[in-house]
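**Q** Quick one: the structure is below, and I'll ask about it shortly.
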Amino acid sequence: MEIENFKLLSTLLKQRSGLVLMKDKAYLLEARLMPIARKHGLADLDQICEVLRTRRETALIADITEAMVSNGTEFFGDKKPFDLFRSLVLPKLISARAESKKIRIWSAGCSSGQEPYSLAMILKEEQEQLREWQVDIVATDLSEGILPKAKAGIYSQFEVQRGLPIRMLIKYFRQNGDKWHMDASVRSMVDFKTHNLLETAKHLGKFDVVLCRNVLMSFDQPTNEQVLSHISDVLSQDGVLYLGSSETVQGVTDRLTSIPDVPGLFQQAGSVSVVTASR
């Protein structure tokens, strides 16, 4: 691919999604965008770039962005964040929100839905003590194409084998041919919405827990600062932010800080989170 075409596509992706694509990842363009070229009747990536230079094809731009930002996820990915949610974060929130009996959770960059559904299954397991509670799970992604799959809650054998305990598979899914269908009672707990993390999230309301895991690694530092600022705007004063194991707020923003002795969890700077390391 010509360097000018790489620059055109990488600039487009940065502007549209915040994704920073380095030259050593140029092969991803070929792998992910050739199906987009064929869909639009174009021969290759060079023809895609010709179209982008001559006219604004909204559908083509949307398909390019979606193909590049879509990432696979798995149920209970990395396991430890969900163990922390079950054993530490949720009990602390139940205690702190005993009066209002309301908890709001945001799964940012939810992809095909495994993360918010994992949370929903944990909450289903705790339904006895949450019987009179209102617990909202909002799941967002930039990709309009992936959200219908997430909402449908239908997964392949390979997808349910990735991280999902067999007990929960049997309890919350039913098999139909070679697909596994999420139980409607779990699907109904998650509200899926399209949202670009580069934009304000204030219209989504305030949240007690925000999960934005393994998203920031795709951005440069100024974009990370922008995204974290938007998250801070909607995180409750004593709320909890989850980031990926290799992600941090240190050196990026002064609005958020790590929660002492709890790796991967962050809070509003100058506040005291409902979560502490003590159990």
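Chain lettering (A, B, ...) mirrors the order of the structure tokens, residue numbering begins at 1 for each chain separately, and ligand numbering begins at 1 in order of display.
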Report the residues of segment 108-237 of chain A whose backbone DSSP state falls under strand (DSSP E), written as an MDAnalysis selection string.

**A** chainID A and resid 108 134:141 154:156 173:176 179:182 190:194 207:212 235:237

**Q** Could you please take those selected residues and save N, CA and C atoms as a tab-separated table (two decimals), in the first residue's frame?

**A**
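Listed below is the output, out14.tsv:
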```
chain	number	residue	atom	x	y	z
A	108	ALA	N	-18.24	0.17	28.70
A	108	ALA	CA	-17.86	1.03	27.57
A	108	ALA	C	-16.98	0.24	26.61
A	134	GLN	N	-32.95	-1.54	41.98
A	134	GLN	CA	-32.92	-1.22	40.56
A	134	GLN	C	-31.45	-1.19	40.13
A	135	VAL	N	-31.08	-2.15	39.31
A	135	VAL	CA	-29.70	-2.22	38.81
A	135	VAL	C	-29.72	-2.08	37.30
A	136	ASP	N	-29.11	-1.02	36.81
A	136	ASP	CA	-29.07	-0.75	35.37
A	136	ASP	C	-27.69	-1.05	34.82
A	137	ILE	N	-27.66	-1.80	33.72
A	137	ILE	CA	-26.42	-2.02	32.99
A	137	ILE	C	-26.56	-1.39	31.61
A	138	VAL	N	-25.76	-0.38	31.34
A	138	VAL	CA	-25.74	0.26	30.02
A	138	VAL	C	-24.47	-0.20	29.32
A	139	ALA	N	-24.61	-0.72	28.12
A	139	ALA	CA	-23.45	-1.20	27.36
A	139	ALA	C	-23.39	-0.43	26.04
A	140	THR	N	-22.22	0.13	25.75
A	140	THR	CA	-22.09	0.95	24.54
A	140	THR	C	-20.92	0.50	23.69
A	141	ASP	N	-21.06	0.79	22.40
A	141	ASP	CA	-19.97	0.55	21.46
A	141	ASP	C	-20.11	1.50	20.29
A	154	ILE	N	-26.69	-14.35	20.97
A	154	ILE	CA	-26.51	-15.66	20.36
A	154	ILE	C	-25.03	-15.86	20.06
A	155	TYR	N	-24.47	-16.96	20.57
A	155	TYR	CA	-23.04	-17.16	20.47
A	155	TYR	C	-22.71	-18.56	19.97
A	156	SER	N	-21.54	-18.67	19.35
A	156	SER	CA	-21.07	-19.95	18.84
A	156	SER	C	-20.50	-20.80	19.98
A	173	PHE	N	-28.12	-20.38	29.30
A	173	PHE	CA	-28.18	-20.51	27.85
A	173	PHE	C	-28.99	-21.74	27.46
A	174	ARG	N	-29.52	-21.70	26.24
A	174	ARG	CA	-30.12	-22.90	25.66
A	174	ARG	C	-29.50	-23.11	24.29
A	175	GLN	N	-29.28	-24.36	23.96
A	175	GLN	CA	-28.63	-24.68	22.69
A	175	GLN	C	-29.66	-24.81	21.59
A	176	ASN	N	-29.34	-24.24	20.44
A	176	ASN	CA	-30.18	-24.35	19.25
A	176	ASN	C	-29.26	-24.62	18.07
A	179	LYS	N	-25.58	-23.13	17.88
A	179	LYS	CA	-25.54	-21.83	18.56
A	179	LYS	C	-26.10	-21.94	19.97
A	180	TRP	N	-25.65	-21.01	20.81
A	180	TRP	CA	-26.13	-20.94	22.19
A	180	TRP	C	-26.84	-19.60	22.40
A	181	HIS	N	-28.08	-19.65	22.89
A	181	HIS	CA	-28.91	-18.46	23.05
A	181	HIS	C	-28.98	-18.05	24.52
A	182	MET	N	-28.60	-16.80	24.78
A	182	MET	CA	-28.68	-16.25	26.13
A	182	MET	C	-30.13	-16.17	26.59
A	190	VAL	N	-29.61	-5.76	30.19
A	190	VAL	CA	-28.60	-4.91	29.55
A	190	VAL	C	-29.25	-4.02	28.49
A	191	ASP	N	-28.95	-2.73	28.57
A	191	ASP	CA	-29.44	-1.75	27.60
A	191	ASP	C	-28.29	-1.36	26.69
A	192	PHE	N	-28.33	-1.81	25.44
A	192	PHE	CA	-27.24	-1.55	24.49
A	192	PHE	C	-27.51	-0.25	23.73
A	193	LYS	N	-26.45	0.57	23.61
A	193	LYS	CA	-26.56	1.84	22.91
A	193	LYS	C	-25.29	2.09	22.08
A	194	THR	N	-25.45	2.85	20.99
A	194	THR	CA	-24.29	3.29	20.22
A	194	THR	C	-23.70	4.53	20.87
A	207	PHE	N	-22.92	7.01	36.74
A	207	PHE	CA	-22.68	5.58	36.96
A	207	PHE	C	-21.87	5.35	38.23
A	208	ASP	N	-22.16	4.23	38.89
A	208	ASP	CA	-21.42	3.83	40.08
A	208	ASP	C	-20.20	2.99	39.70
A	209	VAL	N	-20.30	2.28	38.59
A	209	VAL	CA	-19.20	1.46	38.09
A	209	VAL	C	-19.08	1.68	36.59
A	210	VAL	N	-17.87	1.93	36.12
A	210	VAL	CA	-17.60	2.03	34.69
A	210	VAL	C	-16.51	1.04	34.34
A	211	LEU	N	-16.76	0.23	33.32
A	211	LEU	CA	-15.74	-0.68	32.81
A	211	LEU	C	-15.33	-0.20	31.42
A	212	CYS	N	-14.06	0.18	31.29
A	212	CYS	CA	-13.51	0.60	30.01
A	212	CYS	C	-12.18	-0.15	29.85
A	235	LEU	N	-18.84	9.42	36.23
A	235	LEU	CA	-18.57	8.50	37.34
A	235	LEU	C	-18.98	9.17	38.64
A	236	SER	N	-19.77	8.47	39.45
A	236	SER	CA	-20.21	9.04	40.73
A	236	SER	C	-18.99	9.35	41.60
A	237	GLN	N	-19.16	10.24	42.54
A	237	GLN	CA	-18.03	10.72	43.34
A	237	GLN	C	-17.32	9.60	44.09
```

**Q** With only C-alpha atoms as the counted atoms, please give the residues lying no more than 9 Å from segment 255-258 of chain A, apart from itself and same-chain residues fewer than 3 positions off, as an mmCIF file with N, CA and C atoms, in the first residue's frame.

**A**
```
data_model
loop_
_atom_site.group_PDB
_atom_site.id
_atom_site.type_symbol
_atom_site.label_atom_id
_atom_site.label_comp_id
_atom_site.auth_asym_id
_atom_site.auth_seq_id
_atom_site.Cartn_x
_atom_site.Cartn_y
_atom_site.Cartn_z
ATOM 1 N N LEU A 228 -10.910 9.649 29.251
ATOM 2 C CA LEU A 228 -10.981 9.572 30.709
ATOM 3 C C LEU A 228 -11.703 10.777 31.302
ATOM 4 N N SER A 229 -11.578 11.927 30.659
ATOM 5 C CA SER A 229 -12.313 13.109 31.113
ATOM 6 C C SER A 229 -13.815 12.889 30.977
ATOM 7 N N SER A 232 -14.852 10.499 33.718
ATOM 8 C CA SER A 232 -14.893 11.179 35.010
ATOM 9 C C SER A 232 -16.150 12.023 35.156
ATOM 10 N N LEU A 241 -13.866 2.817 38.603
ATOM 11 C CA LEU A 241 -13.542 2.648 37.187
ATOM 12 C C LEU A 241 -12.618 1.449 37.022
ATOM 13 N N THR A 248 -3.544 2.558 32.607
ATOM 14 C CA THR A 248 -3.484 3.351 33.826
ATOM 15 C C THR A 248 -3.943 4.774 33.556
ATOM 16 N N VAL A 249 -4.233 5.501 34.625
ATOM 17 C CA VAL A 249 -4.559 6.924 34.506
ATOM 18 C C VAL A 249 -3.342 7.775 34.830
ATOM 19 N N GLN A 250 -2.323 7.154 35.418
ATOM 20 C CA GLN A 250 -1.135 7.883 35.855
ATOM 21 C C GLN A 250 -0.429 8.524 34.662
ATOM 22 N N ASP A 261 -3.953 -0.534 46.589
ATOM 23 C CA ASP A 261 -3.909 -1.985 46.840
ATOM 24 C C ASP A 261 -4.965 -2.778 46.085
ATOM 25 N N VAL A 262 -5.633 -2.147 45.105
ATOM 26 C CA VAL A 262 -6.594 -2.887 44.280
ATOM 27 C C VAL A 262 -6.230 -2.640 42.815
ATOM 28 N N PRO A 263 -5.331 -3.411 42.240
ATOM 29 C CA PRO A 263 -4.861 -3.184 40.872
ATOM 30 C C PRO A 263 -6.004 -3.197 39.851
ATOM 31 N N GLY A 264 -5.946 -2.246 38.921
ATOM 32 C CA GLY A 264 -6.932 -2.195 37.846
ATOM 33 C C GLY A 264 -8.169 -1.399 38.158
ATOM 34 N N LEU A 265 -8.310 -0.931 39.430
ATOM 35 C CA LEU A 265 -9.475 -0.151 39.829
ATOM 36 C C LEU A 265 -9.057 1.280 40.137
ATOM 37 N N PHE A 266 -9.903 2.233 39.719
ATOM 38 C CA PHE A 266 -9.581 3.652 39.844
ATOM 39 C C PHE A 266 -10.793 4.409 40.373
ATOM 40 N N GLN A 267 -10.536 5.625 40.882
ATOM 41 C CA GLN A 267 -11.584 6.429 41.487
ATOM 42 C C GLN A 267 -11.374 7.889 41.134
ATOM 43 N N GLN A 268 -12.365 8.716 41.468
ATOM 44 C CA GLN A 268 -12.222 10.147 41.272
ATOM 45 C C GLN A 268 -11.121 10.674 42.195
ATOM 46 N N ALA A 269 -10.273 11.528 41.658
ATOM 47 C CA ALA A 269 -9.209 12.115 42.474
ATOM 48 C C ALA A 269 -9.812 12.961 43.583
ATOM 49 N N GLY A 270 -9.259 12.856 44.781
ATOM 50 C CA GLY A 270 -9.723 13.660 45.901
ATOM 51 C C GLY A 270 -10.963 13.125 46.576
#
```

**Q** Tell me which protein, DNA and RNA residues are within 12 Å of segment 52-55 of chain A, counting only C-alpha atoms, leaving out same-chain ones fewer than 2 positions away, and put them as a list in words.

**A**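 The filter keeps Glu4, Asn5, Leu8, Leu9, Thr11, Leu12, Ala37, Leu42, Leu45, Asp46, Gln47, Ile48, Cys49, Glu50, Glu57, Thr58, Ala59, Leu60, Ile61, Ala62 and Ile64 of chain A.
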
**Q** Filtering to C-alpha atoms, could you give me those residues as a JSON list (two decimals), in the first residue's frame?

**A**
```json
[["chain", "number", "residue", "atom", "x", "y", "z"],
["A", 4, "GLU", "CA", -0.15, 8.30, 1.18],
["A", 5, "ASN", "CA", -3.02, 5.83, 1.26],
["A", 8, "LEU", "CA", -5.30, 8.76, 4.56],
["A", 9, "LEU", "CA", -6.84, 5.69, 6.23],
["A", 11, "THR", "CA", -6.00, 9.76, 9.73],
["A", 12, "LEU", "CA", -9.62, 8.86, 9.00],
["A", 37, "ALA", "CA", -13.79, -3.12, -0.67],
["A", 42, "LEU", "CA", -14.08, -1.86, -5.27],
["A", 45, "LEU", "CA", -7.63, -0.53, -0.74],
["A", 46, "ASP", "CA", -6.20, 1.84, -3.35],
["A", 47, "GLN", "CA", -9.67, 2.15, -4.91],
["A", 48, "ILE", "CA", -11.14, 2.74, -1.45],
["A", 49, "CYS", "CA", -8.74, 5.65, -1.05],
["A", 50, "GLU", "CA", -9.62, 7.00, -4.51],
["A", 57, "GLU", "CA", -19.22, 8.10, 1.00],
["A", 58, "THR", "CA", -20.82, 7.97, 4.46],
["A", 59, "ALA", "CA", -21.63, 4.26, 4.28],
["A", 60, "LEU", "CA", -18.09, 3.39, 3.17],
["A", 61, "ILE", "CA", -16.55, 5.48, 5.96],
["A", 62, "ALA", "CA", -18.83, 3.84, 8.53],
["A", 64, "ILE", "CA", -14.18, 1.12, 7.37]]
```

**Q** So the first atom is atom CA of Glu74 of chain A and the second is atom CA of Phe158 of chain A; what is the distance between them in Å, to one decimal place?

**A**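 Between atom CA of Glu74 of chain A and atom CA of Phe158 of chain A the gap is 9.9 Å.
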
**Q** My list of candidates is A:Glu144, A:Lys206, A:Val160, A:Val227. Which is closest to Lys102 of chain A when distances are computed with only C-alpha atoms?

**A**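 Looking only at the distances to Lys102 of chain A, the closest residue turns out to be A:Lys206.
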
**Q** Residues within 12 Å of Leu197 of chain A, please, as a ChimeraX atom specification. Count only C-alpha atoms; anything in the same chain fewer than 4 positions from it doesn't count.

**A** /A:15-19,107-110,140-143,193,201-202,204,212,215-216,219,223-231

**Q** With C-alpha atoms kept, could you save the residues just selected as a PDB file, in the first residue's frame?

**A**
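Result written to selection19.pdb:
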```pdb
ATOM      1  CA  GLN A  15     -10.608  11.264  13.575  1.00  0.00           C
ATOM      2  CA  ARG A  16     -13.566   8.900  13.611  1.00  0.00           C
ATOM      3  CA  SER A  17     -12.707   6.561  16.481  1.00  0.00           C
ATOM      4  CA  GLY A  18      -9.493   7.678  18.168  1.00  0.00           C
ATOM      5  CA  LEU A  19      -7.750   4.522  16.935  1.00  0.00           C
ATOM      6  CA  SER A 107     -19.719  -1.256  30.017  1.00  0.00           C
ATOM      7  CA  ALA A 108     -17.864   1.026  27.574  1.00  0.00           C
ATOM      8  CA  GLY A 109     -16.640  -0.605  24.377  1.00  0.00           C
ATOM      9  CA  CYS A 110     -18.818  -3.675  24.936  1.00  0.00           C
ATOM     10  CA  THR A 140     -22.094   0.952  24.543  1.00  0.00           C
ATOM     11  CA  ASP A 141     -19.965   0.548  21.462  1.00  0.00           C
ATOM     12  CA  LEU A 142     -19.018   2.720  18.504  1.00  0.00           C
ATOM     13  CA  SER A 143     -19.791  -0.108  16.093  1.00  0.00           C
ATOM     14  CA  LYS A 193     -26.556   1.842  22.908  1.00  0.00           C
ATOM     15  CA  ALA A 201     -21.309  10.661  27.833  1.00  0.00           C
ATOM     16  CA  LYS A 202     -23.381  12.980  30.005  1.00  0.00           C
ATOM     17  CA  LEU A 204     -26.106   8.448  29.562  1.00  0.00           C
ATOM     18  CA  CYS A 212     -13.506   0.598  30.006  1.00  0.00           C
ATOM     19  CA  VAL A 215      -9.844   0.225  25.089  1.00  0.00           C
ATOM     20  CA  LEU A 216      -7.317   2.927  25.932  1.00  0.00           C
ATOM     21  CA  PHE A 219      -5.408   5.430  21.574  1.00  0.00           C
ATOM     22  CA  THR A 223      -7.143  10.817  23.166  1.00  0.00           C
ATOM     23  CA  ASN A 224      -6.866   8.818  26.400  1.00  0.00           C
ATOM     24  CA  GLU A 225      -7.033  12.065  28.361  1.00  0.00           C
ATOM     25  CA  GLN A 226     -10.166  13.037  26.448  1.00  0.00           C
ATOM     26  CA  VAL A 227     -11.843   9.658  27.000  1.00  0.00           C
ATOM     27  CA  LEU A 228     -10.981   9.572  30.709  1.00  0.00           C
ATOM     28  CA  SER A 229     -12.313  13.109  31.113  1.00  0.00           C
ATOM     29  CA  HIS A 230     -15.651  12.023  29.648  1.00  0.00           C
ATOM     30  CA  ILE A 231     -15.702   9.017  31.993  1.00  0.00           C
TER      31      ILE A 231
END
```

**Q** Quick one: everything within 12 Å of Pro91 of chain A, counting only C-alpha atoms, minus sequence neighbours fewer than 4 positions away in the same chain. Send it as a list of chain:residue names.

**A**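 Final neighbour list, sorted by chain and number: A:Asp83, A:Leu84, A:Phe85, A:Arg86, A:Ser87, A:Ser95, A:Ala96, A:Arg97, A:Ala98, A:Ile103, A:Ile122, A:Leu123, A:Glu126, A:Gln129, A:Leu130, A:Val274, A:Val275, A:Thr276, A:Arg279.
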
**Q** So how far away is atom CA of Phe75 of chain A from atom CA of Gly163 of chain A, in Å?

**A**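 Straight-line distance from atom CA of Gly163 of chain A to atom CA of Phe75 of chain A works out to 5.1 Å.
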
**Q** Where does DSSP see helix (DSSP H, G or I) in segment 7-216 of chain A, if you list the residues as a ChimeraX atom specification?

**A** /A:7-17,23-39,45-54,58-69,80-96,114-125,147-152,157-161,166-172,184-187,202-204,216

**Q** Write a file of the just-selected residues containing C-alpha atoms, as an mmCIF file, in the first residue's frame.

**A**
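This is the output file again22.cif:
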```
data_model
loop_
_atom_site.group_PDB
_atom_site.id
_atom_site.type_symbol
_atom_site.label_atom_id
_atom_site.label_comp_id
_atom_site.auth_asym_id
_atom_site.auth_seq_id
_atom_site.Cartn_x
_atom_site.Cartn_y
_atom_site.Cartn_z
ATOM 1 C CA LYS A 7 -1.813 8.077 5.939
ATOM 2 C CA LEU A 8 -5.298 8.761 4.559
ATOM 3 C CA LEU A 9 -6.837 5.694 6.225
ATOM 4 C CA SER A 10 -4.973 6.083 9.510
ATOM 5 C CA THR A 11 -6.001 9.759 9.728
ATOM 6 C CA LEU A 12 -9.620 8.859 8.999
ATOM 7 C CA LEU A 13 -9.619 6.221 11.734
ATOM 8 C CA LYS A 14 -7.992 8.568 14.239
ATOM 9 C CA GLN A 15 -10.608 11.264 13.575
ATOM 10 C CA ARG A 16 -13.566 8.900 13.611
ATOM 11 C CA SER A 17 -12.707 6.561 16.481
ATOM 12 C CA LYS A 23 2.858 1.494 10.294
ATOM 13 C CA ASP A 24 3.743 -1.949 11.626
ATOM 14 C CA LYS A 25 -0.015 -2.664 11.817
ATOM 15 C CA ALA A 26 -0.659 -1.776 8.182
ATOM 16 C CA TYR A 27 -1.354 -5.454 7.476
ATOM 17 C CA LEU A 28 -4.555 -5.090 9.523
ATOM 18 C CA LEU A 29 -5.883 -2.701 6.898
ATOM 19 C CA GLU A 30 -5.491 -5.325 4.189
ATOM 20 C CA ALA A 31 -6.964 -8.079 6.350
ATOM 21 C CA ARG A 32 -9.998 -6.144 7.568
ATOM 22 C CA LEU A 33 -10.756 -3.783 4.702
ATOM 23 C CA MET A 34 -10.621 -6.090 1.682
ATOM 24 C CA PRO A 35 -14.098 -7.463 2.548
ATOM 25 C CA ILE A 36 -15.280 -3.830 2.767
ATOM 26 C CA ALA A 37 -13.795 -3.116 -0.670
ATOM 27 C CA ARG A 38 -15.662 -6.081 -2.170
ATOM 28 C CA LYS A 39 -18.887 -5.056 -0.446
ATOM 29 C CA LEU A 45 -7.626 -0.529 -0.744
ATOM 30 C CA ASP A 46 -6.198 1.840 -3.349
ATOM 31 C CA GLN A 47 -9.667 2.146 -4.911
ATOM 32 C CA ILE A 48 -11.142 2.737 -1.453
ATOM 33 C CA CYS A 49 -8.742 5.650 -1.050
ATOM 34 C CA GLU A 50 -9.619 7.001 -4.506
ATOM 35 C CA VAL A 51 -13.281 7.100 -3.485
ATOM 36 C CA LEU A 52 -12.493 8.749 -0.156
ATOM 37 C CA ARG A 53 -10.505 11.477 -1.922
ATOM 38 C CA THR A 54 -13.149 12.266 -4.532
ATOM 39 C CA THR A 58 -20.819 7.970 4.457
ATOM 40 C CA ALA A 59 -21.632 4.258 4.276
ATOM 41 C CA LEU A 60 -18.086 3.388 3.175
ATOM 42 C CA ILE A 61 -16.546 5.476 5.964
ATOM 43 C CA ALA A 62 -18.825 3.838 8.530
ATOM 44 C CA ASP A 63 -17.927 0.339 7.283
ATOM 45 C CA ILE A 64 -14.183 1.118 7.372
ATOM 46 C CA THR A 65 -14.410 2.412 10.931
ATOM 47 C CA GLU A 66 -16.500 -0.510 12.100
ATOM 48 C CA ALA A 67 -14.207 -3.106 10.555
ATOM 49 C CA MET A 68 -11.151 -1.636 12.248
ATOM 50 C CA VAL A 69 -12.529 -0.983 15.744
ATOM 51 C CA LYS A 80 -9.957 -11.356 38.160
ATOM 52 C CA PRO A 81 -11.942 -8.151 37.396
ATOM 53 C CA PHE A 82 -15.169 -10.125 37.668
ATOM 54 C CA ASP A 83 -14.023 -11.888 40.839
ATOM 55 C CA LEU A 84 -13.350 -8.416 42.290
ATOM 56 C CA PHE A 85 -16.791 -7.243 41.202
ATOM 57 C CA ARG A 86 -18.466 -10.209 42.893
ATOM 58 C CA SER A 87 -16.421 -10.281 46.103
ATOM 59 C CA LEU A 88 -15.553 -6.622 46.682
ATOM 60 C CA VAL A 89 -17.209 -4.020 44.454
ATOM 61 C CA LEU A 90 -20.798 -5.286 44.531
ATOM 62 C CA PRO A 91 -20.955 -5.881 48.323
ATOM 63 C CA LYS A 92 -19.521 -2.418 48.964
ATOM 64 C CA LEU A 93 -22.022 -0.836 46.591
ATOM 65 C CA ILE A 94 -24.938 -2.677 48.201
ATOM 66 C CA SER A 95 -23.858 -1.257 51.546
ATOM 67 C CA ALA A 96 -23.239 2.276 50.237
ATOM 68 C CA GLN A 114 -19.838 -10.760 26.679
ATOM 69 C CA GLU A 115 -18.673 -8.258 29.308
ATOM 70 C CA PRO A 116 -22.080 -6.766 30.226
ATOM 71 C CA TYR A 117 -23.720 -10.195 30.091
ATOM 72 C CA SER A 118 -21.038 -11.542 32.463
ATOM 73 C CA LEU A 119 -21.971 -8.772 34.901
ATOM 74 C CA ALA A 120 -25.668 -9.522 34.421
ATOM 75 C CA MET A 121 -25.131 -13.195 35.270
ATOM 76 C CA ILE A 122 -23.261 -12.256 38.449
ATOM 77 C CA LEU A 123 -26.162 -9.993 39.412
ATOM 78 C CA LYS A 124 -28.652 -12.796 38.666
ATOM 79 C CA GLU A 125 -26.732 -14.986 41.097
ATOM 80 C CA LEU A 147 -24.676 -4.188 18.616
ATOM 81 C CA PRO A 148 -27.418 -6.291 16.941
ATOM 82 C CA LYS A 149 -25.319 -9.384 17.700
ATOM 83 C CA ALA A 150 -24.849 -8.222 21.270
ATOM 84 C CA LYS A 151 -28.568 -7.576 21.713
ATOM 85 C CA ALA A 152 -29.467 -10.973 20.243
ATOM 86 C CA GLN A 157 -19.657 -22.968 20.655
ATOM 87 C CA PHE A 158 -16.208 -21.342 20.451
ATOM 88 C CA GLU A 159 -17.485 -18.110 22.021
ATOM 89 C CA VAL A 160 -19.198 -19.766 24.984
ATOM 90 C CA GLN A 161 -16.141 -21.924 25.623
ATOM 91 C CA ILE A 166 -20.083 -24.690 32.390
ATOM 92 C CA ARG A 167 -22.513 -24.148 35.277
ATOM 93 C CA MET A 168 -23.504 -20.748 33.927
ATOM 94 C CA LEU A 169 -23.692 -22.049 30.365
ATOM 95 C CA ILE A 170 -26.222 -24.669 31.443
ATOM 96 C CA LYS A 171 -28.130 -22.251 33.668
ATOM 97 C CA TYR A 172 -28.357 -19.184 31.418
ATOM 98 C CA ALA A 184 -34.128 -13.571 27.896
ATOM 99 C CA SER A 185 -34.082 -12.721 31.604
ATOM 100 C CA VAL A 186 -30.358 -11.950 31.335
ATOM 101 C CA ARG A 187 -30.591 -10.152 27.993
ATOM 102 C CA LYS A 202 -23.381 12.980 30.005
ATOM 103 C CA HIS A 203 -26.580 11.975 28.198
ATOM 104 C CA LEU A 204 -26.106 8.448 29.562
ATOM 105 C CA LEU A 216 -7.317 2.927 25.932
#
```

**Q** If I take atom CA of Arg213 of chain A and atom CA of Met22 of chain A, how far is one from the other in Å, to one decimal?

**A** 20.9 Å

**Q** Restricting the calculation to only C-alpha atoms: of A:Ile3, A:Leu21, A:Gln221, A:Lys79, which residue gets closest to Gly244 of chain A?

**A**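 Of the candidates, the smallest distance to Gly244 of chain A is held by A:Lys79.
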